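Have a look at model_11.tsv below; it lists TSV, C-alpha atoms.
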chain	number	residue	atom	x	y	z
T	1058	MET	CA	0.00	0.00	0.00
T	1059	ALA	CA	2.45	2.60	-1.19
T	1060	THR	CA	1.76	6.17	-0.19
T	1061	LEU	CA	2.03	7.10	-3.86
T	1062	SER	CA	-1.37	5.57	-4.38
T	1063	VAL	CA	-2.80	8.12	-1.99
T	1064	CYS	CA	-1.65	10.91	-4.29
T	1065	GLN	CA	-3.16	9.54	-7.47
T	1066	PRO	CA	-6.78	8.52	-7.88
T	1067	GLN	CA	-7.60	4.79	-7.92
T	1068	LEU	CA	-7.99	2.96	-11.22
T	1069	GLY	CA	-10.36	0.09	-11.87
T	1070	GLY	CA	-9.48	-3.31	-13.30
T	1071	PHE	CA	-7.10	-6.00	-12.06
T	1072	SER	CA	-5.07	-5.18	-8.98
T	1073	PHE	CA	-1.73	-6.91	-8.49
T	1074	GLU	CA	-1.22	-5.75	-4.91
T	1075	ASN	CA	-1.33	-9.15	-3.29
T	1076	CYS	CA	0.72	-11.13	-5.81
T	1077	LYS	CA	3.95	-11.00	-3.83
T	1078	ARG	CA	2.13	-11.87	-0.61
T	1079	ASN	CA	0.45	-14.82	-2.33
T	1080	ALA	CA	3.77	-16.09	-3.67
T	1081	VAL	CA	5.26	-15.99	-0.17
T	1082	LEU	CA	2.21	-17.74	1.31
T	1083	GLU	CA	2.34	-20.45	-1.31
T	1084	ALA	CA	6.02	-21.09	-0.62
T	1085	GLU	CA	5.32	-21.35	3.13
T	1086	VAL	CA	2.39	-23.70	2.62
T	1087	THR	CA	4.30	-26.05	0.32
T	1088	LYS	CA	7.09	-26.18	2.88
T	1089	LEU	CA	4.55	-27.49	5.38
T	1090	GLY	CA	3.31	-30.03	2.87
T	1091	CYS	CA	-0.27	-28.77	2.34
T	1092	ASN	CA	-1.86	-27.42	-0.83
T	1093	ILE	CA	-3.49	-24.09	-1.44
T	1094	PRO	CA	-7.07	-24.44	-2.75
T	1095	SER	CA	-7.25	-24.77	-6.51
T	1096	ALA	CA	-9.61	-23.03	-8.88
T	1097	ARG	CA	-12.65	-24.90	-10.11
T	1098	LYS	CA	-12.00	-26.15	-13.64
T	1099	THR	CA	-14.52	-27.55	-16.01
T	1100	GLY	CA	-12.26	-30.43	-17.34
T	1101	THR	CA	-14.68	-30.81	-20.14
T	1102	THR	CA	-15.75	-32.12	-23.45
T	1103	ILE	CA	-17.20	-29.43	-25.69
T	1104	CYS	CA	-17.68	-29.59	-29.43
T	1105	GLY	CA	-19.47	-28.01	-32.34
T	1106	VAL	CA	-20.35	-28.93	-35.89
T	1107	VAL	CA	-21.67	-27.03	-38.92
T	1108	PHE	CA	-24.58	-28.71	-40.69
T	1109	LYS	CA	-26.71	-27.75	-43.66
T	1110	ASP	CA	-28.80	-24.98	-42.08
T	1111	GLY	CA	-26.78	-24.00	-39.03
T	1112	ILE	CA	-24.71	-25.06	-36.04
T	1113	VAL	CA	-25.00	-27.73	-33.36
T	1114	LEU	CA	-23.03	-27.11	-30.15
T	1115	GLY	CA	-22.65	-29.79	-27.50
T	1116	ALA	CA	-21.19	-29.95	-23.99
T	1117	ASP	CA	-21.09	-32.27	-20.97
T	1118	THR	CA	-22.13	-30.98	-17.54
T	1119	ARG	CA	-19.44	-31.85	-15.01
T	1120	ALA	CA	-17.28	-29.27	-13.16
T	1121	THR	CA	-14.27	-30.60	-11.21
T	1122	GLU	CA	-12.15	-29.18	-8.41
T	1123	GLY	CA	-9.01	-31.28	-8.47
T	1124	MET	CA	-10.18	-34.85	-7.97
T	1125	ILE	CA	-13.68	-33.97	-6.75
T	1126	VAL	CA	-16.77	-33.31	-8.82
T	1127	ALA	CA	-17.79	-29.79	-7.82
T	1128	ASP	CA	-20.95	-29.49	-9.90
T	1129	LYS	CA	-22.86	-32.44	-11.35
T	1130	ASN	CA	-25.02	-30.36	-13.64
T	1131	CYS	CA	-23.34	-27.13	-14.63
T	1132	SER	CA	-24.28	-25.30	-17.79
T	1133	LYS	CA	-21.37	-24.83	-20.19
T	1134	ILE	CA	-23.18	-23.41	-23.19
T	1135	HIS	CA	-23.30	-19.66	-22.60
T	1136	TYR	CA	-25.49	-17.08	-24.29
T	1137	ILE	CA	-23.67	-14.42	-26.26
T	1138	SER	CA	-26.42	-12.98	-28.41
T	1139	PRO	CA	-29.77	-14.28	-29.75
T	1140	ASN	CA	-28.02	-15.92	-32.69
T	1141	ILE	CA	-24.63	-16.76	-31.12
T	1142	TYR	CA	-23.80	-19.21	-28.34
T	1143	CYS	CA	-20.45	-20.18	-26.85
T	1144	CYS	CA	-19.26	-23.33	-25.04
T	1145	GLY	CA	-16.51	-22.84	-22.48
T	1146	ALA	CA	-13.76	-25.12	-21.15
T	1147	GLY	CA	-10.99	-24.32	-18.69
T	1148	THR	CA	-11.35	-22.38	-15.45
T	1149	ALA	CA	-15.09	-22.09	-14.81
T	1150	ALA	CA	-15.05	-18.50	-13.50
T	1151	ASP	CA	-12.92	-17.31	-16.41
T	1152	THR	CA	-15.23	-18.74	-19.07
T	1153	GLU	CA	-18.28	-17.37	-17.27
T	1154	MET	CA	-16.96	-13.80	-16.90
T	1155	THR	CA	-15.40	-13.71	-20.36
T	1156	THR	CA	-18.59	-14.77	-22.11
T	1157	GLN	CA	-20.66	-12.35	-20.06
T	1158	ILE	CA	-18.36	-9.42	-20.85
T	1159	ILE	CA	-18.33	-10.22	-24.56
T	1160	SER	CA	-22.10	-10.67	-24.53
T	1161	SER	CA	-22.55	-7.20	-23.01
T	1162	ASN	CA	-20.12	-5.65	-25.47
T	1163	LEU	CA	-21.86	-7.30	-28.42
T	1164	GLU	CA	-25.21	-6.05	-27.18
T	1165	LEU	CA	-23.90	-2.48	-26.96
T	1166	HIS	CA	-22.31	-2.84	-30.38
T	1167	SER	CA	-25.47	-4.21	-31.94
T	1168	LEU	CA	-27.54	-1.40	-30.41
T	1169	SER	CA	-25.17	1.18	-31.82
T	1170	THR	CA	-25.05	-0.37	-35.31
T	1171	SER	CA	-28.71	-1.55	-35.17
T	1172	ARG	CA	-27.81	-4.86	-36.83
T	1173	LEU	CA	-27.77	-8.46	-35.71
T	1174	PRO	CA	-24.23	-9.16	-34.45
T	1175	ARG	CA	-21.89	-11.32	-36.50
T	1176	VAL	CA	-19.96	-14.30	-35.21
T	1177	ALA	CA	-16.71	-12.85	-36.59
T	1178	THR	CA	-17.20	-9.78	-34.35
T	1179	ALA	CA	-17.56	-11.93	-31.25
T	1180	ASN	CA	-14.52	-13.94	-32.31
T	1181	ARG	CA	-12.40	-10.82	-32.79
T	1182	MET	CA	-13.45	-9.35	-29.44
T	1183	LEU	CA	-12.68	-12.60	-27.61
T	1184	LYS	CA	-9.32	-13.10	-29.23
T	1185	GLN	CA	-8.18	-9.54	-28.55
T	1186	MET	CA	-9.17	-9.77	-24.90
T	1187	LEU	CA	-7.54	-13.18	-24.35
T	1188	PHE	CA	-4.32	-12.07	-26.02
T	1189	ARG	CA	-4.20	-8.96	-23.89
T	1190	TYR	CA	-4.03	-11.18	-20.77
T	1191	GLN	CA	-1.44	-13.52	-22.31
T	1192	GLY	CA	-3.18	-16.76	-21.41
T	1193	HIS	CA	-3.58	-15.99	-17.70
T	1194	ILE	CA	-7.34	-16.06	-18.28
T	1195	GLY	CA	-7.84	-19.81	-18.75
T	1196	ALA	CA	-10.77	-19.90	-21.14
T	1197	ALA	CA	-10.88	-22.25	-24.13
T	1198	LEU	CA	-14.05	-21.58	-26.10
T	1199	VAL	CA	-16.08	-22.99	-28.97
T	1200	LEU	CA	-18.04	-20.13	-30.50
T	1201	GLY	CA	-20.84	-20.80	-32.96
T	1202	GLY	CA	-23.72	-18.92	-34.50
T	1203	VAL	CA	-25.71	-18.03	-37.59
T	1204	ASP	CA	-25.60	-14.49	-38.95
T	1205	CYS	CA	-26.30	-12.73	-42.24
T	1206	ASN	CA	-23.42	-14.59	-43.92
T	1207	GLY	CA	-24.49	-18.07	-42.84
T	1208	PRO	CA	-23.36	-20.44	-40.09
T	1209	HIS	CA	-19.87	-19.98	-38.57
T	1210	LEU	CA	-17.92	-22.01	-36.02
T	1211	TYR	CA	-14.73	-20.89	-34.27
T	1212	SER	CA	-12.48	-22.42	-31.64
T	1213	ILE	CA	-10.61	-19.96	-29.40
T	1214	TYR	CA	-7.60	-20.94	-27.28
T	1215	PRO	CA	-6.62	-19.29	-23.95
T	1216	HIS	CA	-3.67	-17.42	-25.43
T	1217	GLY	CA	-5.77	-15.81	-28.11
T	1218	SER	CA	-5.38	-17.92	-31.27
T	1219	THR	CA	-8.51	-18.87	-33.16
T	1220	ASP	CA	-9.47	-21.39	-35.84
T	1221	LYS	CA	-12.44	-21.29	-38.17
T	1222	LEU	CA	-13.42	-24.88	-38.97
T	1223	PRO	CA	-16.44	-27.02	-39.84
T	1224	TYR	CA	-16.07	-29.15	-36.70
T	1225	VAL	CA	-14.14	-28.43	-33.48
T	1226	THR	CA	-13.66	-29.98	-30.06
T	1227	MET	CA	-12.05	-28.55	-26.90
T	1228	GLY	CA	-11.39	-29.60	-23.34
T	1229	SER	CA	-9.83	-32.62	-21.70
T	1230	GLY	CA	-12.13	-34.99	-23.59
T	1231	SER	CA	-11.47	-33.32	-26.92
T	1232	LEU	CA	-9.43	-36.19	-28.34
T	1233	ALA	CA	-12.21	-38.73	-27.71
T	1234	ALA	CA	-14.78	-36.40	-29.26
T	1235	MET	CA	-12.53	-35.57	-32.23
T	1236	ALA	CA	-12.10	-39.29	-32.95
T	1237	VAL	CA	-15.88	-39.59	-33.38
T	1238	PHE	CA	-16.00	-36.49	-35.58
T	1239	GLU	CA	-13.14	-37.58	-37.80
T	1240	ASP	CA	-14.86	-40.90	-38.37
T	1241	ARG	CA	-18.39	-39.75	-39.12
T	1242	TYR	CA	-18.40	-36.09	-40.18
T	1243	LYS	CA	-19.86	-35.33	-43.61
T	1244	GLN	CA	-20.51	-31.98	-45.25
T	1245	ASP	CA	-24.10	-30.65	-45.31
T	1246	MET	CA	-25.64	-33.09	-42.84
T	1247	GLU	CA	-29.28	-32.98	-41.83
T	1248	GLU	CA	-30.21	-31.62	-38.41
T	1249	GLU	CA	-31.01	-35.02	-36.86
T	1250	ASP	CA	-27.77	-36.54	-38.10
T	1251	ALA	CA	-25.79	-33.61	-36.78
T	1252	LYS	CA	-27.48	-33.85	-33.36
T	1253	ARG	CA	-26.78	-37.57	-33.19
T	1254	LEU	CA	-23.13	-37.02	-34.18
T	1255	VAL	CA	-22.59	-34.36	-31.50
T	1256	ARG	CA	-24.36	-36.48	-28.90
T	1257	ASP	CA	-22.10	-39.44	-29.70
T	1258	ALA	CA	-18.98	-37.27	-29.62
T	1259	ILE	CA	-19.83	-35.89	-26.17
T	1260	ALA	CA	-20.74	-39.37	-24.95
T	1261	ALA	CA	-17.30	-40.58	-26.09
T	1262	GLY	CA	-15.76	-37.79	-24.02
T	1263	ILE	CA	-17.95	-38.59	-21.00
T	1264	PHE	CA	-17.17	-42.30	-20.96
T	1265	ASN	CA	-13.46	-42.07	-21.75
T	1266	ASP	CA	-12.35	-38.98	-19.81
T	1267	LEU	CA	-12.45	-38.55	-16.05
T	1268	GLY	CA	-12.93	-34.81	-16.26
T	1269	SER	CA	-16.21	-35.07	-18.18
T	1270	GLY	CA	-19.45	-36.64	-17.05
T	1271	SER	CA	-23.15	-36.39	-16.18
T	1272	ASN	CA	-25.50	-35.18	-18.90
T	1273	ILE	CA	-25.18	-34.01	-22.50
T	1274	ASP	CA	-26.44	-30.53	-23.40
T	1275	LEU	CA	-27.08	-29.55	-26.99
T	1276	CYS	CA	-27.74	-26.20	-28.62
T	1277	VAL	CA	-29.04	-26.12	-32.19
T	1278	ILE	CA	-28.78	-22.70	-33.88
T	1279	THR	CA	-30.41	-22.04	-37.22
T	1280	LYS	CA	-31.49	-18.85	-38.94
T	1281	GLY	CA	-34.24	-17.44	-36.75
T	1282	ARG	CA	-34.45	-20.34	-34.26
T	1283	VAL	CA	-32.39	-21.58	-31.31
T	1284	ASP	CA	-33.12	-24.87	-29.52
T	1285	TYR	CA	-31.36	-25.08	-26.18
T	1286	LEU	CA	-31.78	-28.75	-25.18
T	1287	ARG	CA	-30.75	-29.10	-21.56
T	1288	PRO	CA	-30.48	-31.96	-20.86
T	1289	HIS	CA	-30.60	-33.63	-24.21
T	1290	ASP	CA	-29.46	-36.98	-22.87
T	1291	MET	CA	-28.71	-38.24	-19.39
T	1292	ALA	CA	-25.75	-40.52	-19.99
T	1293	ASN	CA	-24.89	-41.12	-16.31
T	1294	LYS	CA	-28.05	-41.56	-14.32
T	1295	LYS	CA	-27.76	-41.87	-10.55
T	1296	GLY	CA	-29.68	-44.79	-9.01
T	1297	VAL	CA	-33.13	-44.06	-7.62
T	1298	ARG	CA	-33.18	-44.04	-3.82
T	1299	LEU	CA	-36.38	-45.28	-2.04
T	1300	ILE	CA	-38.01	-42.58	0.07
T	1301	ARG	CA	-39.11	-45.01	2.79
T	1302	PRO	CA	-36.79	-48.01	2.59
T	1303	VAL	CA	-38.71	-51.26	2.81
T	1304	TYR	CA	-36.68	-53.81	4.77
T	1305	ALA	CA	-39.45	-56.32	5.44
T	1306	TYR	CA	-39.40	-59.52	3.38
T	1307	LYS	CA	-42.42	-60.77	1.50
T	1308	GLN	CA	-44.48	-63.63	2.88
T	1309	GLY	CA	-43.15	-66.91	1.58
T	1310	THR	CA	-39.51	-65.78	1.13
T	1311	THR	CA	-38.41	-68.39	3.64
T	1312	GLY	CA	-39.89	-71.86	3.30
T	1313	VAL	CA	-41.91	-73.11	6.35
T	1314	LEU	CA	-40.95	-76.64	7.49
T	1315	THR	CA	-43.09	-77.22	10.63
T	1316	LYS	CA	-45.62	-75.20	12.55
T	1317	SER	CA	-46.74	-75.83	16.19
T	1318	VAL	CA	-49.07	-73.64	18.29
T	1319	ILE	CA	-48.84	-73.81	22.16
T	1320	LYS	CA	-51.63	-72.11	24.10
T	1321	LEU	CA	-50.51	-70.38	27.32
T	1322	ASP	CA	-53.04	-70.40	30.26
T	1323	LEU	CA	-52.84	-67.13	32.13
T	1324	GLU	CA	-54.74	-66.58	35.41
T	1325	VAL	CA	-55.43	-63.22	37.08
T	1326	VAL	CA	-53.36	-63.00	40.33
T	1327	GLU	CA	-53.88	-59.45	41.64
T	1328	GLU	CA	-56.02	-56.49	40.60
T	1329	THR	CA	-55.37	-52.94	41.91
T	1330	VAL	CA	-56.69	-49.55	40.90
T	1331	GLN	CA	-54.48	-46.45	41.25
T	1332	THR	CA	-56.19	-43.08	40.99
T	1333	MET	CA	-54.34	-40.46	39.01
T	1334	ASP	CA	-53.97	-36.98	40.47
T	1335	THR	CA	-55.22	-34.69	37.72
T	1336	SER	CA	-55.53	-31.42	39.66
W	1000	MET	CA	8.31	7.46	-45.01
W	1001	PRO	CA	9.18	8.08	-41.37
W	1002	LEU	CA	9.05	4.95	-39.28
W	1003	SER	CA	6.36	5.07	-36.61
W	1004	GLN	CA	7.41	6.58	-33.31
W	1005	LEU	CA	6.76	3.36	-31.50
W	1006	LYS	CA	10.10	1.61	-31.66
W	1007	ASP	CA	12.20	3.04	-28.86
W	1008	SER	CA	9.67	5.01	-26.96
W	1009	VAL	CA	7.75	2.80	-24.53
W	1010	PRO	CA	9.10	3.84	-21.15
W	1011	VAL	CA	8.71	1.35	-18.35
W	1012	THR	CA	6.88	3.56	-15.92
W	1013	GLY	CA	6.15	2.57	-12.40
W	1014	MET	CA	9.17	0.40	-11.75
W	1015	GLY	CA	12.14	2.26	-10.31
W	1016	PRO	CA	13.16	4.06	-7.12
W	1017	GLN	CA	10.74	6.71	-5.97
W	1018	VAL	CA	13.05	9.71	-5.84
W	1019	GLY	CA	11.98	12.81	-3.99
W	1020	ALA	CA	13.17	16.35	-4.14
W	1021	TYR	CA	16.92	15.80	-3.54
W	1022	GLY	CA	17.39	12.66	-5.59
W	1023	VAL	CA	17.14	10.36	-2.55
W	1024	GLN	CA	14.52	7.80	-1.58
W	1025	ASP	CA	11.50	9.74	-0.36
W	1026	THR	CA	10.58	7.59	2.66
W	1027	LEU	CA	7.86	9.89	3.93
W	1028	ARG	CA	5.80	9.71	0.76
W	1029	SER	CA	6.59	6.32	-0.77
W	1030	GLY	CA	7.37	4.10	2.18
W	1031	PHE	CA	10.44	1.98	2.83
W	1032	SER	CA	12.40	0.89	-0.19
W	1033	SER	CA	13.19	-2.69	-1.11
W	1034	VAL	CA	15.22	-3.71	-4.11
W	1035	LYS	CA	13.12	-6.79	-4.78
W	1036	ASN	CA	9.92	-4.76	-4.83
W	1037	GLU	CA	11.24	-2.30	-7.32
W	1038	LEU	CA	13.31	-4.35	-9.73
W	1039	LEU	CA	10.81	-7.01	-10.64
W	1040	PRO	CA	7.08	-6.65	-11.18
W	1041	SER	CA	5.03	-8.92	-8.92
W	1042	HIS	CA	3.09	-10.42	-11.82
W	1043	ALA	CA	3.89	-10.88	-15.49
W	1044	LEU	CA	0.95	-8.74	-16.49
W	1045	GLU	CA	1.49	-5.89	-14.03
W	1046	LEU	CA	3.51	-3.60	-16.28
W	1047	SER	CA	1.60	-4.51	-19.39
W	1048	GLU	CA	-1.72	-3.68	-17.75
W	1049	LYS	CA	-0.48	-0.45	-16.18
W	1050	ASN	CA	0.61	0.89	-19.54
W	1051	PHE	CA	-2.05	-0.75	-21.69
W	1052	GLN	CA	-4.13	2.33	-22.42
W	1053	LEU	CA	-1.03	4.44	-23.10
W	1054	ASN	CA	0.37	1.86	-25.50
W	1055	GLN	CA	-2.92	1.47	-27.34
W	1056	ASP	CA	-3.13	5.22	-27.78
W	1057	LYS	CA	0.45	5.35	-29.06
W	1058	ILE	CA	-0.25	2.61	-31.60
W	1059	ASN	CA	-3.45	4.24	-32.78
W	1060	PHE	CA	-1.94	7.71	-33.13
W	1061	SER	CA	1.08	6.30	-34.89
W	1062	ASN	CA	-1.10	4.47	-37.43
W	1063	LEU	CA	-3.24	7.54	-37.89
W	1064	ARG	CA	-0.18	9.65	-38.54
W	1065	ASN	CA	1.10	7.20	-41.15
W	1066	ILE	CA	-2.24	6.92	-42.91
W	1067	GLN	CA	-3.74	10.37	-42.70
W	1068	GLY	CA	-0.86	12.70	-42.02
W	1069	LEU	CA	0.34	14.65	-39.01
W	1070	HIS	CA	-2.73	16.81	-38.56
W	1071	ALA	CA	-5.12	13.97	-37.67
W	1072	PRO	CA	-3.45	12.77	-34.44
W	1073	LEU	CA	-2.60	16.34	-33.45
W	1074	LYS	CA	-6.22	17.39	-33.64
W	1075	LEU	CA	-7.40	14.31	-31.76
W	1076	GLN	CA	-4.83	14.79	-29.02
W	1077	MET	CA	-5.91	18.38	-28.64
W	1078	GLU	CA	-9.50	17.24	-28.18
W	1079	TYR	CA	-8.44	14.62	-25.62
W	1080	ARG	CA	-6.46	17.21	-23.69
W	1081	ALA	CA	-9.45	19.53	-23.61
W	1082	ALA	CA	-11.82	16.76	-22.49
W	1083	ARG	CA	-9.41	15.55	-19.82
W	1084	GLN	CA	-9.63	18.89	-18.09
W	1085	ILE	CA	-13.36	18.55	-17.45
W	1086	GLN	CA	-13.26	16.89	-14.08
W	1087	ARG	CA	-13.72	17.48	-10.38
W	1088	LEU	CA	-10.88	17.77	-7.89
W	1089	PRO	CA	-8.83	14.57	-7.75
W	1090	PHE	CA	-10.22	13.10	-4.54
W	1091	LEU	CA	-13.82	13.22	-5.83
W	1092	GLN	CA	-15.36	10.88	-8.38
W	1093	SER	CA	-15.58	12.44	-11.83
W	1094	SER	CA	-17.56	10.84	-14.60
W	1095	HIS	CA	-15.10	11.59	-17.46
W	1096	LEU	CA	-18.11	11.62	-19.78
W	1097	ALA	CA	-16.55	13.72	-22.54
W	1098	LEU	CA	-13.30	11.77	-22.47
W	1099	ASP	CA	-15.12	8.43	-22.57
W	1100	THR	CA	-17.25	9.49	-25.49
W	1101	LEU	CA	-14.19	10.63	-27.45
W	1102	LYS	CA	-12.32	7.42	-26.75
W	1103	GLY	CA	-15.33	5.20	-27.41
W	1104	ASN	CA	-15.31	3.76	-23.89
W	1105	ASP	CA	-18.98	4.60	-23.44
W	1106	GLU	CA	-19.88	1.72	-25.78
W	1107	SER	CA	-17.81	-1.03	-24.23
W	1108	ILE	CA	-17.48	-2.84	-20.91
W	1109	SER	CA	-14.22	-4.35	-19.72
W	1110	PHE	CA	-12.61	-5.42	-16.48
W	1111	GLU	CA	-11.93	-1.78	-15.57
W	1112	ASP	CA	-15.66	-1.25	-15.14
W	1113	ILE	CA	-16.40	-4.43	-13.25
W	1114	LEU	CA	-13.46	-5.09	-10.95
W	1115	ASN	CA	-12.09	-2.68	-8.37
W	1116	ASP	CA	-14.59	0.08	-9.01
W	1117	PRO	CA	-12.88	3.24	-7.70
W	1118	ALA	CA	-16.22	4.50	-6.38
W	1119	GLN	CA	-16.29	1.50	-4.01
W	1120	SER	CA	-12.67	1.62	-2.93
W	1121	GLU	CA	-11.97	1.24	0.79
W	1122	MET	CA	-9.16	3.78	0.86
W	1123	MET	CA	-10.01	7.44	0.60
W	1124	GLY	CA	-7.55	9.86	-0.90
W	1125	GLU	CA	-6.20	12.53	1.40
W	1126	PRO	CA	-7.70	15.68	-0.19
W	1127	HIS	CA	-4.86	18.14	0.54
W	1128	VAL	CA	-2.13	15.74	-0.55
W	1129	MET	CA	-3.96	14.83	-3.75
W	1130	VAL	CA	-4.59	18.40	-4.80
W	1131	GLU	CA	-0.98	19.37	-4.04
W	1132	TYR	CA	0.25	16.42	-6.08
W	1133	LYS	CA	-1.97	17.35	-8.99
W	1134	LEU	CA	-0.84	20.97	-8.97
W	1135	GLY	CA	2.77	19.87	-8.89
W	1136	MET	CA	3.38	21.53	-5.55
W	1137	MET	CA	4.52	18.29	-3.92
Structure re-expressed in structure tokens:
Amino acid sequence: MATLSVCQPQLGGFSFENCKRNAVLEAEVTKLGCNIPSARKTGTTICGVVFKDGIVLGADTRATEGMIVADKNCSKIHYISPNIYCCGAGTAADTEMTTQIISSNLELHSLSTSRLPRVATANRMLKQMLFRYQGHIGAALVLGGVDCNGPHLYSIYPHGSTDKLPYVTMGSGSLAAMAVFEDRYKQDMEEEDAKRLVRDAIAAGIFNDLGSGSNIDLCVITKGRVDYLRPHDMANKKGVRLIRPVYAYKQGTTGVLTKSVIKLDLEVVEETVQTMDTS
Amino acid sequence: MPLSQLKDSVPVTGMGPQVGAYGVQDTLRSGFSSVKNELLPSHALELSEKNFQLNQDKINFSNLRNIQGLHAPLKLQMEYRAARQIQRLPFLQSSHLALDTLKGNDESISFEDILNDPAQSEMMGEPHVMVEYKLGMM
């Protein structure tokens, strides 16, 4: 807290005041053998594919914190504008804040140009912001949408590089999903085929990668229509727990060998009446 | 075609000993000195973020000079200088409306608007010190 800051007015944005303190704390803690808490990552499978009339985006729904599942049903397909959606992998908070900031900026931009925003605009804004922070913002995104020039699909890496492709996958399960895409992708698919392909790609990620799991969310974007299917498919269903557990066995579970009834004769020995004091 | 002014002219502000009036460490105003604190930035992005707006402006003016001639950036800088003077005293919150409109910041949202809002800061500036600093009397 240098006194110089008292002379100049405060600025907004990221503050690096505590970085040195944090580095010292981390060194002390590792000396003692503990770990500092880690950020929640989404360790994910996300993917997208361009079909005849538009885009299908798919994502799993598991968020992990180290070796623990932090959120069994988190939503990884974020809204950017009515015709553009974005899937996010990496640090959960980073993807959330980044997509929200870009969504606000696109809204302001579209109000000032009075046009439907283009996917290339969102891509350019994202890549400039991520490059500015040199990869410290851990957000790997799959951006897809339909605008006046047709359907577009981009993949954006945390350091700011982007790719424009007909099918993309990101996240820890991206290799499993890409294997499915490479095998079965065709140009100009129908909507149902595209949905089935994306569902199978995400399922491959869910079953073969520890960081992905739970349900499959899909988002189908065409000109003038968006279908946000959450959940589209529950790949890992938890067992149903009985509300009142029934531990009694049915009659006839155990076979009866013999049956004998002995009548007990009871006789009355003593009879007393005690009055209760109810005053 | 003169090369843009950018090449040798990005000073690394902010890192370096805080010298006072006589060329010595000014302990009263900037606290105790420590070589480690001043030589290295505490985070890789610290310097880049501190100078980001300045560098962007330099790049933009440089491009404008190369494309449209010397008059264009001169006129814009004159307008910025005029707009920058429309503000309250330094320890009060000023809206910088004219400056924001000129720079185009009124149509975008970034981390400067969301994180560390100066209006919500816990430290208040010392009014006398801040005005003296601004007037160059300190």
Of the candidates T:Ala1234, T:Ile1134, T:Met1182, T:Val1113, which shows the shortest atom-to-atom distance to chain W, using only C-alpha atoms?
T:Met1182
Kindly extract all protein, DNA and RNA residues lying within 12 Å of the coordinates (-7.9, -11.7, -25.2) given in the file, considering only C-alpha atoms, and supply them as a PyMOL selection string.
(chain T and resi 1151-1152+1155-1156+1158-1159+1179-1198+1213-1219) or (chain W and resi 1109-1110)
Taking a cut-off of 10 Å and counting all atoms listed in the file, can you build a table that, for each residue of chain W near chain T, reports the nearest atom pair and how far apart they are in Å (one decimal), sorted by chain then residue number, as a tab-separated table?
residue	atom	partner	partner_atom	distance
W:Gln1017	CA	T:Leu1061	CA	9.0
W:Thr1026	CA	T:Thr1060	CA	9.4
W:Leu1027	CA	T:Thr1060	CA	8.2
W:Arg1028	CA	T:Thr1060	CA	5.5
W:Ser1029	CA	T:Thr1060	CA	4.9
W:Gly1030	CA	T:Ala1059	CA	6.1
W:Phe1031	CA	T:Ala1059	CA	9.0
W:Asn1036	CA	T:Lys1077	CA	8.7
W:Pro1040	CA	T:Lys1077	CA	9.1
W:Ser1041	CA	T:Lys1077	CA	5.6
W:His1042	CA	T:Cys1076	CA	6.5
W:Ala1043	CA	T:Gln1191	CA	9.0
W:Leu1044	CA	T:Tyr1190	CA	7.0
W:Glu1045	CA	T:Phe1073	CA	6.5
W:Leu1046	CA	T:Phe1073	CA	10.0
W:Ser1047	CA	T:Arg1189	CA	8.6
W:Glu1048	CA	T:Phe1071	CA	8.2
W:Lys1049	CA	T:Phe1071	CA	9.6
W:Phe1051	CA	T:Arg1189	CA	8.8
W:Pro1089	CA	T:Pro1066	CA	6.4
W:Phe1090	CA	T:Pro1066	CA	6.6
W:Leu1091	CA	T:Pro1066	CA	8.7
W:Gln1092	CA	T:Pro1066	CA	8.9
W:Asp1105	CA	T:Leu1165	CA	9.3
W:Glu1106	CA	T:Leu1165	CA	5.9
W:Ser1107	CA	T:Asn1162	CA	5.3
W:Ile1108	CA	T:Asn1162	CA	6.0
W:Ser1109	CA	T:Ile1158	CA	6.6
W:Phe1110	CA	T:Gly1070	CA	4.9
W:Glu1111	CA	T:Gly1070	CA	3.7
W:Asp1112	CA	T:Gly1069	CA	6.4
W:Ile1113	CA	T:Gly1070	CA	7.0
W:Leu1114	CA	T:Gly1070	CA	5.0
W:Asn1115	CA	T:Gly1069	CA	4.8
W:Asp1116	CA	T:Gly1069	CA	5.1
W:Pro1117	CA	T:Gln1067	CA	5.5
W:Ala1118	CA	T:Gln1067	CA	8.8
W:Gln1119	CA	T:Gly1069	CA	9.9
W:Ser1120	CA	T:Gln1067	CA	7.8
W:Met1122	CA	T:Val1063	CA	8.2
W:Met1123	CA	T:Val1063	CA	7.7
W:Gly1124	CA	T:Val1063	CA	5.2
W:Glu1125	CA	T:Val1063	CA	6.5
W:Pro1126	CA	T:Cys1064	CA	8.7
W:His1127	CA	T:Cys1064	CA	9.3
W:Val1128	CA	T:Cys1064	CA	6.1
W:Met1129	CA	T:Cys1064	CA	4.6
W:Val1130	CA	T:Cys1064	CA	8.1
W:Glu1131	CA	T:Cys1064	CA	8.5
W:Tyr1132	CA	T:Cys1064	CA	6.1
W:Lys1133	CA	T:Cys1064	CA	8.0
W:Met1137	CA	T:Cys1064	CA	9.6
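The nearest approach to W:Arg1064 among the residues W:Gly1103, W:Val1023, W:Gln1076, W:Gly1135, with only C-alpha atoms taken into account, belongs to W:Gln1076.
Residues in contact with T:Thr1101 at up to 9 Å, not including ones fewer than 2 positions away on its chain and judged by all atoms listed in the file, are Lys1098, Thr1099, Ile1103, Ala1116, Asp1117, Thr1118, Arg1119, Ala1120, Thr1121, Lys1133, Gly1145, Ala1146, Gly1147, Met1227, Gly1228, Ser1229, Gly1230, Ser1231, Gly1262, Ile1263, Asp1266, Gly1268, Ser1269 and Gly1270 of chain T.
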Atom CA of T:Ser1095 to atom CA of T:Ser1132, distance in Å rounded to a single decimal
20.4 Å
